[in-house]
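Single-structure report; data block below.
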Amino acid sequence: MRYSVAMSGDTEAVMRDHLLREDGQEDVLIATYVLSTGIERTTAVIRSVILPRDGERHVHGNASFTSAYVLRAAHEARVAGHGLALLHSHPGGHGWQRLSRTDWETESDYERVARSATKMPMLGMTLGGENIAWSARFWFDRTEPTWAESVRSVSPVLAVTWNDELRPVPKITGAQERTVSSWGDRSQGRIARLRVLVVGAGSVGLDVAQRLAATGLITVGVMDYDAVERRNLDRMIGATRLDAALGRAKVDVAARLMKSAATADVIDVRRHEVSITDPVGVSIALDYDVIFSCVDRPWPRAVLNGIAYADLIPVIDGGIALTTFPDGHMRNGIWRTHTLTPGRPCMACIGQLVAGEVSLDKLGLLEDPEYIEGAGREAPSHQNVAALSASVSASLLAQFVSLVAHPGSRGAPAPLHYVLSTHTLMQSDTSCGPYCAYENATRTGDRRTPIAEHRNDWREEVEARKAKRHPLRLRILSSVEYLLQRYTNRLR
Ligand SMILES: [Zn+2]
């Protein structure tokens with residue numbers, strides 16, 4: 001299991017303001033957390049900050065907690081059902097901070113109090129003031145802490161402090177020269193370590209996944225349970241006639257293309273042939289730092305909209321809608337992209353997700369011709385043009401760069417949409433309303449509203465595809481292609 005800590009930008013600002021004093025002395029602070037549990041990573045999501053009252057801590061020399069402060073906070077955490085986090089600052093500290101002897105003893109001493117009150121491991125955190133670097137460890141018992149791999153501050157600006165020992169800076173390769181000259185080797189080191197998931201490996205997702213690999217990311221996941229068909233070939237650039245003939249899984253095609261495009265020495269491409277609307281898909285998604293939503297149905301988008309706020313994993317979503325005149329001529333095209341994260345409105349608040357549609361999608365009615373006719377609805381439009389889907393992926397990727405490299409320090413923009421017929425790019429000024437269920441569930445972690453459901457339909461589809469036997473001619477072609485690919489990717 002890997003460990004990480006996530007906090008919203010607002011919470012991080014409150015904690016930073018308290019811990020970095022004007023007089024330059026160390027300080028201490030207590031917070032509470034909830035868990036967000038993935039398959040391979042557990043994240044402590046900072047839930048609330050418990051500021052000390054007068055006399056509850058000493059700040060001269062080595063700052064220290066009083067037992068009264070720890071006991072009060074442990075009680076508050078227990079009542080709320082949260083875990084307890086003890087924080088302190090190293091004002092002159094630079095980068096990921098280690099524990100001094102005194103820090104170790106303090107945290108180890110309070111571990112028992114925290115665990116017996118909350119029944120959860122105690123979290124220890126340090127803020128290095130020199131370059132605003134957070135570090136964290138989990139105390140499962142009092143003998144030795146388990147270090148986290150990263151601490152993420154999540155807002156339109158995603159700032160991650162990495163534990164270089166557990167996730168080392170990847171080597172910069174010759175193929176990355178131009179990338180590195182654009183944002184510097186420090187940014188490259190931070191960005192390349194992000195684990196990014198692309199949900200939906202169709203025209204847009206396939207393009208995004210390849211460009212992430214080419215940017216030098218060392219771990220990229222793709223999630224899709226669908227297979228390539230002949231009718232996809234006008235948009236899935238890089239997918240071949242052989243892929244369609246074999247009905248290959250879209251994630252396999254994406255993995256092949258990503259390995260060809262990768263500029264890192266070694267890329268770890270994770271293939272997830274599952275549905276994001278299933279609890280297993282959600283658990284997998286919780287292992288990632290950033291998610292691209294390249295799906296167009298309401299249910300999967302609702303699940304991702306939830307994760308963005310509850311689990312503090314920024315989701316970059318987008319899509320395109322083309323309309324035609326009755327005579328078949330093109331009328332208009334609109335593409336939208338938005339980054340879902342605390343500080344930016346969710347998909348429901350910008351009208352990109354309608355609750356009623358999610359329920360219909362769950363019931364499988366959105367593609368049901370009988371229902372569509374009976375309800376007097378318009379049949380879903382599946383128009384798409386390869387020449388335009390690149391505009392969606394380009395806009396999604398630009399949001400990603402703003403989120404992680406933050407040129408101009410502003411981070412991800414407000415929701416954008418481009419109107420093709422009038423050539424106008426617009427920025428929405430909507431914010432989440434006070435009654436937004438998604439935003440109100442921010443920082444709830446494993447207590448997120450359950451929208452995903454266990455289903456067998458997609459499982460059966462995947463199994464049927466795997467069981468299928470193909471003609472010998474296609475199998476030989478496939479083996480030759482595989483070998484050629486493998487040896488080509490080994491060229492240095
Ligand atoms: Zn909202």
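Residues are referred to by chain and number: the chain letter is A, B, ... according to the order shown in the structure tokens, the number counts from 1 in that chain, and ligands are numbered separately from 1 in the order shown.
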(request) Grab me every residue within 7 Å of ligand 1, counting only C-alpha atoms and all ligand atoms, and send it over as a ChimeraX atom specification. (result) /A:345-349,432-433,436-439
(request) Name the residues of range 311-424 of chain A that come out as strand (DSSP E) in a backbone DSSP run; write them as a list of chain:residue names. (result)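 Answer for range 311-424 of chain A, restricted to strand (DSSP E): A:Val315, A:Ile316, A:Asp317, A:Gly318, A:Gly319, A:Ile320, A:Ala321, A:Leu322, A:Thr323, A:Thr324, A:Met330, A:Arg331, A:Asn332, A:Gly333, A:Ile334, A:Trp335, A:Arg336, A:Thr337, A:His338, A:Thr339, A:Leu340, A:Leu416, A:His417, A:Tyr418, A:Val419, A:Thr424.
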Output as JSON lines one row per residue of range 407-488 of chain A within 12 Å of range 253-264 of chain A: the closest atom pair and its distance in Å to one decimal place, counting only C-alpha atoms, sorted by chain and residue number ascending.
```
{"residue": "A:Glu481", "atom": "CA", "partner": "A:Arg256", "partner_atom": "CA", "distance": 10.5}
{"residue": "A:Tyr482", "atom": "CA", "partner": "A:Arg256", "partner_atom": "CA", "distance": 9.1}
{"residue": "A:Leu483", "atom": "CA", "partner": "A:Arg256", "partner_atom": "CA", "distance": 11.8}
{"residue": "A:Leu484", "atom": "CA", "partner": "A:Ser260", "partner_atom": "CA", "distance": 11.4}
{"residue": "A:Gln485", "atom": "CA", "partner": "A:Ser260", "partner_atom": "CA", "distance": 7.9}
{"residue": "A:Arg486", "atom": "CA", "partner": "A:Lys259", "partner_atom": "CA", "distance": 9.3}
{"residue": "A:Tyr487", "atom": "CA", "partner": "A:Ser260", "partner_atom": "CA", "distance": 10.9}
{"residue": "A:Thr488", "atom": "CA", "partner": "A:Ser260", "partner_atom": "CA", "distance": 8.3}
```
Print the selection's residues with all heavy atoms to a file, as a tab-separated table (two decimals), in the first residue's frame.
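This went into part-v8.tsv:
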```
chain	number	residue	atom	x	y	z
A	481	GLU	N	3.18	-8.28	-35.22
A	481	GLU	CA	3.04	-6.88	-34.83
A	481	GLU	C	3.58	-6.68	-33.41
A	481	GLU	O	4.31	-5.72	-33.13
A	481	GLU	CB	1.56	-6.48	-34.89
A	481	GLU	CG	1.33	-5.02	-34.63
A	481	GLU	CD	-0.11	-4.73	-34.24
A	481	GLU	OE1	-0.65	-5.47	-33.39
A	481	GLU	OE2	-0.69	-3.79	-34.80
A	482	TYR	N	3.25	-7.60	-32.53
A	482	TYR	CA	3.68	-7.50	-31.14
A	482	TYR	C	5.21	-7.51	-31.03
A	482	TYR	O	5.80	-6.69	-30.33
A	482	TYR	CB	3.07	-8.66	-30.33
A	482	TYR	CG	3.63	-8.79	-28.94
A	482	TYR	CD1	3.21	-7.92	-27.93
A	482	TYR	CD2	4.59	-9.76	-28.64
A	482	TYR	CE1	3.75	-8.01	-26.66
A	482	TYR	CE2	5.12	-9.86	-27.37
A	482	TYR	CZ	4.71	-8.99	-26.38
A	482	TYR	OH	5.24	-9.09	-25.13
A	483	LEU	N	5.83	-8.46	-31.77
A	483	LEU	CA	7.30	-8.58	-31.70
A	483	LEU	C	7.97	-7.32	-32.25
A	483	LEU	O	8.91	-6.79	-31.65
A	483	LEU	CB	7.77	-9.81	-32.47
A	483	LEU	CG	7.49	-11.15	-31.77
A	483	LEU	CD1	7.88	-12.32	-32.68
A	483	LEU	CD2	8.29	-11.23	-30.45
A	484	LEU	N	7.46	-6.85	-33.37
A	484	LEU	CA	8.03	-5.67	-34.02
A	484	LEU	C	7.97	-4.47	-33.07
A	484	LEU	O	8.94	-3.74	-32.88
A	484	LEU	CB	7.23	-5.37	-35.29
A	484	LEU	CG	7.79	-4.28	-36.19
A	484	LEU	CD1	9.14	-4.72	-36.75
A	484	LEU	CD2	6.82	-4.01	-37.35
A	485	GLN	N	6.82	-4.34	-32.43
A	485	GLN	CA	6.58	-3.25	-31.48
A	485	GLN	C	7.56	-3.33	-30.32
A	485	GLN	O	8.18	-2.36	-29.91
A	485	GLN	CB	5.14	-3.41	-30.95
A	485	GLN	CG	4.74	-2.42	-29.92
A	485	GLN	CD	4.17	-1.18	-30.58
A	485	GLN	OE1	3.68	-1.24	-31.70
A	485	GLN	NE2	4.24	-0.07	-29.88
A	486	ARG	N	7.71	-4.54	-29.82
A	486	ARG	CA	8.54	-4.75	-28.65
A	486	ARG	C	10.00	-4.38	-28.92
A	486	ARG	O	10.64	-3.69	-28.14
A	486	ARG	CB	8.44	-6.23	-28.28
A	486	ARG	CG	8.80	-6.46	-26.85
A	486	ARG	CD	8.53	-7.86	-26.44
A	486	ARG	NE	9.66	-8.25	-25.60
A	486	ARG	CZ	9.75	-9.43	-25.02
A	486	ARG	NH1	8.82	-10.33	-25.23
A	486	ARG	NH2	10.77	-9.70	-24.26
A	487	TYR	N	10.51	-4.83	-30.09
A	487	TYR	CA	11.90	-4.52	-30.40
A	487	TYR	C	12.10	-3.06	-30.75
A	487	TYR	O	13.13	-2.47	-30.42
A	487	TYR	CB	12.44	-5.49	-31.47
A	487	TYR	CG	12.61	-6.88	-30.89
A	487	TYR	CD1	11.79	-7.94	-31.27
A	487	TYR	CD2	13.55	-7.11	-29.89
A	487	TYR	CE1	11.91	-9.20	-30.69
A	487	TYR	CE2	13.68	-8.36	-29.29
A	487	TYR	CZ	12.85	-9.41	-29.69
A	487	TYR	OH	12.97	-10.63	-29.10
A	488	THR	N	11.10	-2.46	-31.39
A	488	THR	CA	11.21	-1.03	-31.72
A	488	THR	C	11.27	-0.20	-30.44
A	488	THR	O	12.07	0.72	-30.31
A	488	THR	CB	9.99	-0.58	-32.56
A	488	THR	OG1	9.81	-1.48	-33.63
A	488	THR	CG2	10.18	0.82	-33.10
```
(message) Could you tell me how far CA of Ile307 in chain A sits from CA of Asp252 in chain A, in Å to one decimal place?
(response)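 Pair CA of Asp252 in chain A / CA of Ile307 in chain A returns 25.3 Å.
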(request) Excluding His82 in chain A and residues on its chain fewer than 6 positions from it, collect all residues at most 6 Å away from it, counting only C-alpha atoms, and give them as number ranges by chain. (result) A: 32-34
Export, as a tab-separated table (two decimals), in the first residue's frame, the selected residues with all heavy atoms.
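Writing done, so here's result-v9.tsv:
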```
chain	number	residue	atom	x	y	z
A	32	THR	N	-7.96	17.19	11.66
A	32	THR	CA	-8.55	15.85	11.58
A	32	THR	C	-8.57	15.42	10.12
A	32	THR	O	-8.45	16.25	9.22
A	32	THR	CB	-9.99	15.80	12.13
A	32	THR	OG1	-10.86	16.50	11.22
A	32	THR	CG2	-10.08	16.42	13.51
A	33	TYR	N	-8.70	14.10	9.90
A	33	TYR	CA	-8.71	13.61	8.51
A	33	TYR	C	-9.71	12.48	8.36
A	33	TYR	O	-10.15	11.86	9.34
A	33	TYR	CB	-7.30	13.14	8.10
A	33	TYR	CG	-6.86	11.84	8.74
A	33	TYR	CD1	-7.17	10.62	8.12
A	33	TYR	CD2	-6.15	11.79	9.92
A	33	TYR	CE1	-6.78	9.41	8.69
A	33	TYR	CE2	-5.76	10.59	10.50
A	33	TYR	CZ	-6.08	9.41	9.88
A	33	TYR	OH	-5.70	8.21	10.45
A	34	VAL	N	-10.09	12.24	7.09
A	34	VAL	CA	-10.88	11.05	6.73
A	34	VAL	C	-10.06	10.27	5.71
A	34	VAL	O	-9.15	10.82	5.09
A	34	VAL	CB	-12.26	11.41	6.14
A	34	VAL	CG1	-13.15	12.06	7.16
A	34	VAL	CG2	-12.11	12.31	4.91
```
Give me, as a Markdown table, each residue of range 97-156 of chain A that comes within 12 Å of range 396-415 of chain A, together with its shortest interatomic pair and the distance in Å at one decimal, counting only C-alpha atoms, with rows ordered by chain and rising residue number.
```
| residue | atom | partner | partner_atom | distance |
| --- | --- | --- | --- | --- |
| A:Arg152 | CA | A:Val404 | CA | 11.3 |
| A:Ser153 | CA | A:Val404 | CA | 11.2 |
| A:Val154 | CA | A:Leu403 | CA | 9.5 |
| A:Ser155 | CA | A:Gly411 | CA | 8.1 |
| A:Pro156 | CA | A:Ala412 | CA | 4.8 |
```
(request) For each of A:Ser36, A:Thr337, A:Ser89, A:Ser479, take the minimum atom-to-atom distance to Asp17 in chain A, counting only C-alpha atoms, then give the residue where this is smallest. (result)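 Once distances to Asp17 in chain A are computed over only C-alpha atoms, the minimum belongs to A:Ser89.
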(request) Skip Met236 in chain A itself and residues of its chain fewer than 5 positions away, then list as a ChimeraX atom specification all residues within 12 Å of it, counting only C-alpha atoms. (result) /A:200-210,227-231,241,243-244,250-251,253-254,257,384-387,389-390
(message) Need to verify the contact set: Ala63 in chain A, 8 Å, only C-alpha atoms, exclusion of same-chain residues closer than 2 positions in sequence. Can you return it as a list in words?
(response)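 With the cut-off at 8 Å, the set is Gln25, Glu26, Asp27, Val28, Arg57, His58, Val59, His60, Gly61, Phe65 and His88 of chain A.
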(request) Tell me, as a PyMOL selection string, which residues lie within 9 Å of Val280 in chain A, counting only C-alpha atoms; anything in the same chain fewer than 4 positions away does not count. (result) chain A and resi 39+274-276+284-285+452+454
Go ahead and dump the residues you just picked, C-alpha atoms, as an mmCIF file, in the first residue's frame.
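File out-v4.cif, as written:
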```cif
data_model
loop_
_atom_site.group_PDB
_atom_site.id
_atom_site.type_symbol
_atom_site.label_atom_id
_atom_site.label_comp_id
_atom_site.auth_asym_id
_atom_site.auth_seq_id
_atom_site.Cartn_x
_atom_site.Cartn_y
_atom_site.Cartn_z
ATOM 1 C CA ILE A 39 -6.580 -0.345 -4.401
ATOM 2 C CA VAL A 274 -13.412 -1.885 -15.993
ATOM 3 C CA SER A 275 -16.255 0.590 -15.748
ATOM 4 C CA ILE A 276 -15.888 3.767 -13.668
ATOM 5 C CA ILE A 284 -8.830 2.195 -8.990
ATOM 6 C CA ALA A 285 -9.426 5.893 -9.700
ATOM 7 C CA ALA A 452 -21.313 3.643 -8.468
ATOM 8 C CA HIS A 454 -21.839 -3.317 -9.040
#
```
(request) Measuring atom to atom with only C-alpha atoms, identify which of A:Arg248, A:His423, A:Arg301, A:Arg193 is nearest to Trp335 in chain A. (result) A:His423
(request) Rank A:Thr37, A:Ala85, A:His94, A:Gly351 by their smallest atom-to-atom distance to Thr430 in chain A, using only C-alpha atoms, and report the top residue only. (result)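 The answer is A:Gly351, which sits nearest to Thr430 in chain A.
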Quick one: residues within 10 Å of Trp96 in chain A, only C-alpha atoms, excluding same-chain residues fewer than 4 positions away - as an mmCIF file with N, CA, C and O atoms, in the first residue's frame?
```cif
data_model
loop_
_atom_site.group_PDB
_atom_site.id
_atom_site.type_symbol
_atom_site.label_atom_id
_atom_site.label_comp_id
_atom_site.auth_asym_id
_atom_site.auth_seq_id
_atom_site.Cartn_x
_atom_site.Cartn_y
_atom_site.Cartn_z
ATOM 1 N N THR A 126 4.739 17.712 8.654
ATOM 2 C CA THR A 126 5.682 18.804 8.868
ATOM 3 C C THR A 126 5.614 19.743 7.673
ATOM 4 O O THR A 126 5.490 19.286 6.527
ATOM 5 N N LEU A 127 5.681 21.046 7.949
ATOM 6 C CA LEU A 127 5.730 22.022 6.866
ATOM 7 C C LEU A 127 7.127 22.638 6.836
ATOM 8 O O LEU A 127 7.566 23.241 7.819
ATOM 9 N N GLY A 128 7.833 22.452 5.721
ATOM 10 C CA GLY A 128 9.132 23.098 5.528
ATOM 11 C C GLY A 128 8.851 24.480 4.965
ATOM 12 O O GLY A 128 8.283 24.613 3.885
ATOM 13 N N ASN A 131 10.453 26.478 1.165
ATOM 14 C CA ASN A 131 9.800 26.422 -0.156
ATOM 15 C C ASN A 131 8.398 25.804 -0.078
ATOM 16 O O ASN A 131 7.921 25.192 -1.018
ATOM 17 N N ILE A 132 7.728 25.997 1.074
ATOM 18 C CA ILE A 132 6.373 25.454 1.297
ATOM 19 C C ILE A 132 6.305 23.980 0.876
ATOM 20 O O ILE A 132 5.619 23.604 -0.080
ATOM 21 N N ALA A 133 7.064 23.156 1.584
ATOM 22 C CA ALA A 133 7.076 21.722 1.301
ATOM 23 C C ALA A 133 6.442 20.982 2.471
ATOM 24 O O ALA A 133 6.860 21.143 3.615
ATOM 25 N N TRP A 134 5.422 20.178 2.167
ATOM 26 C CA TRP A 134 4.763 19.392 3.209
ATOM 27 C C TRP A 134 5.319 17.977 3.208
ATOM 28 O O TRP A 134 5.690 17.445 2.165
ATOM 29 N N SER A 135 5.366 17.368 4.367
ATOM 30 C CA SER A 135 5.727 15.949 4.421
ATOM 31 C C SER A 135 4.804 15.289 5.435
ATOM 32 O O SER A 135 4.232 15.968 6.294
ATOM 33 N N ALA A 136 4.643 13.970 5.330
ATOM 34 C CA ALA A 136 3.676 13.291 6.196
ATOM 35 C C ALA A 136 4.044 11.845 6.442
ATOM 36 O O ALA A 136 4.734 11.220 5.639
ATOM 37 N N SER A 150 3.544 11.199 -0.915
ATOM 38 C CA SER A 150 3.321 12.565 -1.405
ATOM 39 C C SER A 150 2.327 13.285 -0.516
ATOM 40 O O SER A 150 1.574 12.650 0.221
ATOM 41 N N VAL A 151 2.360 14.610 -0.580
ATOM 42 C CA VAL A 151 1.316 15.434 0.046
ATOM 43 C C VAL A 151 0.802 16.367 -1.051
ATOM 44 O O VAL A 151 1.587 17.041 -1.715
ATOM 45 N N THR A 161 4.047 17.870 -2.954
ATOM 46 C CA THR A 161 5.400 17.665 -2.437
ATOM 47 C C THR A 161 5.649 16.161 -2.489
ATOM 48 O O THR A 161 4.856 15.383 -1.960
ATOM 49 N N TRP A 162 6.714 15.760 -3.163
ATOM 50 C CA TRP A 162 7.029 14.337 -3.294
ATOM 51 C C TRP A 162 8.081 13.910 -2.283
ATOM 52 O O TRP A 162 9.000 14.660 -1.983
ATOM 53 N N ASN A 163 7.925 12.691 -1.795
ATOM 54 C CA ASN A 163 8.957 12.063 -0.977
ATOM 55 C C ASN A 163 9.919 11.396 -1.967
ATOM 56 O O ASN A 163 9.618 10.335 -2.519
ATOM 57 N N ASP A 164 11.072 12.045 -2.194
ATOM 58 C CA ASP A 164 11.999 11.579 -3.236
ATOM 59 C C ASP A 164 12.505 10.162 -3.002
ATOM 60 O O ASP A 164 12.931 9.494 -3.930
ATOM 61 N N GLU A 165 12.470 9.714 -1.742
ATOM 62 C CA GLU A 165 12.956 8.357 -1.479
ATOM 63 C C GLU A 165 11.973 7.306 -1.967
ATOM 64 O O GLU A 165 12.353 6.257 -2.450
#
```
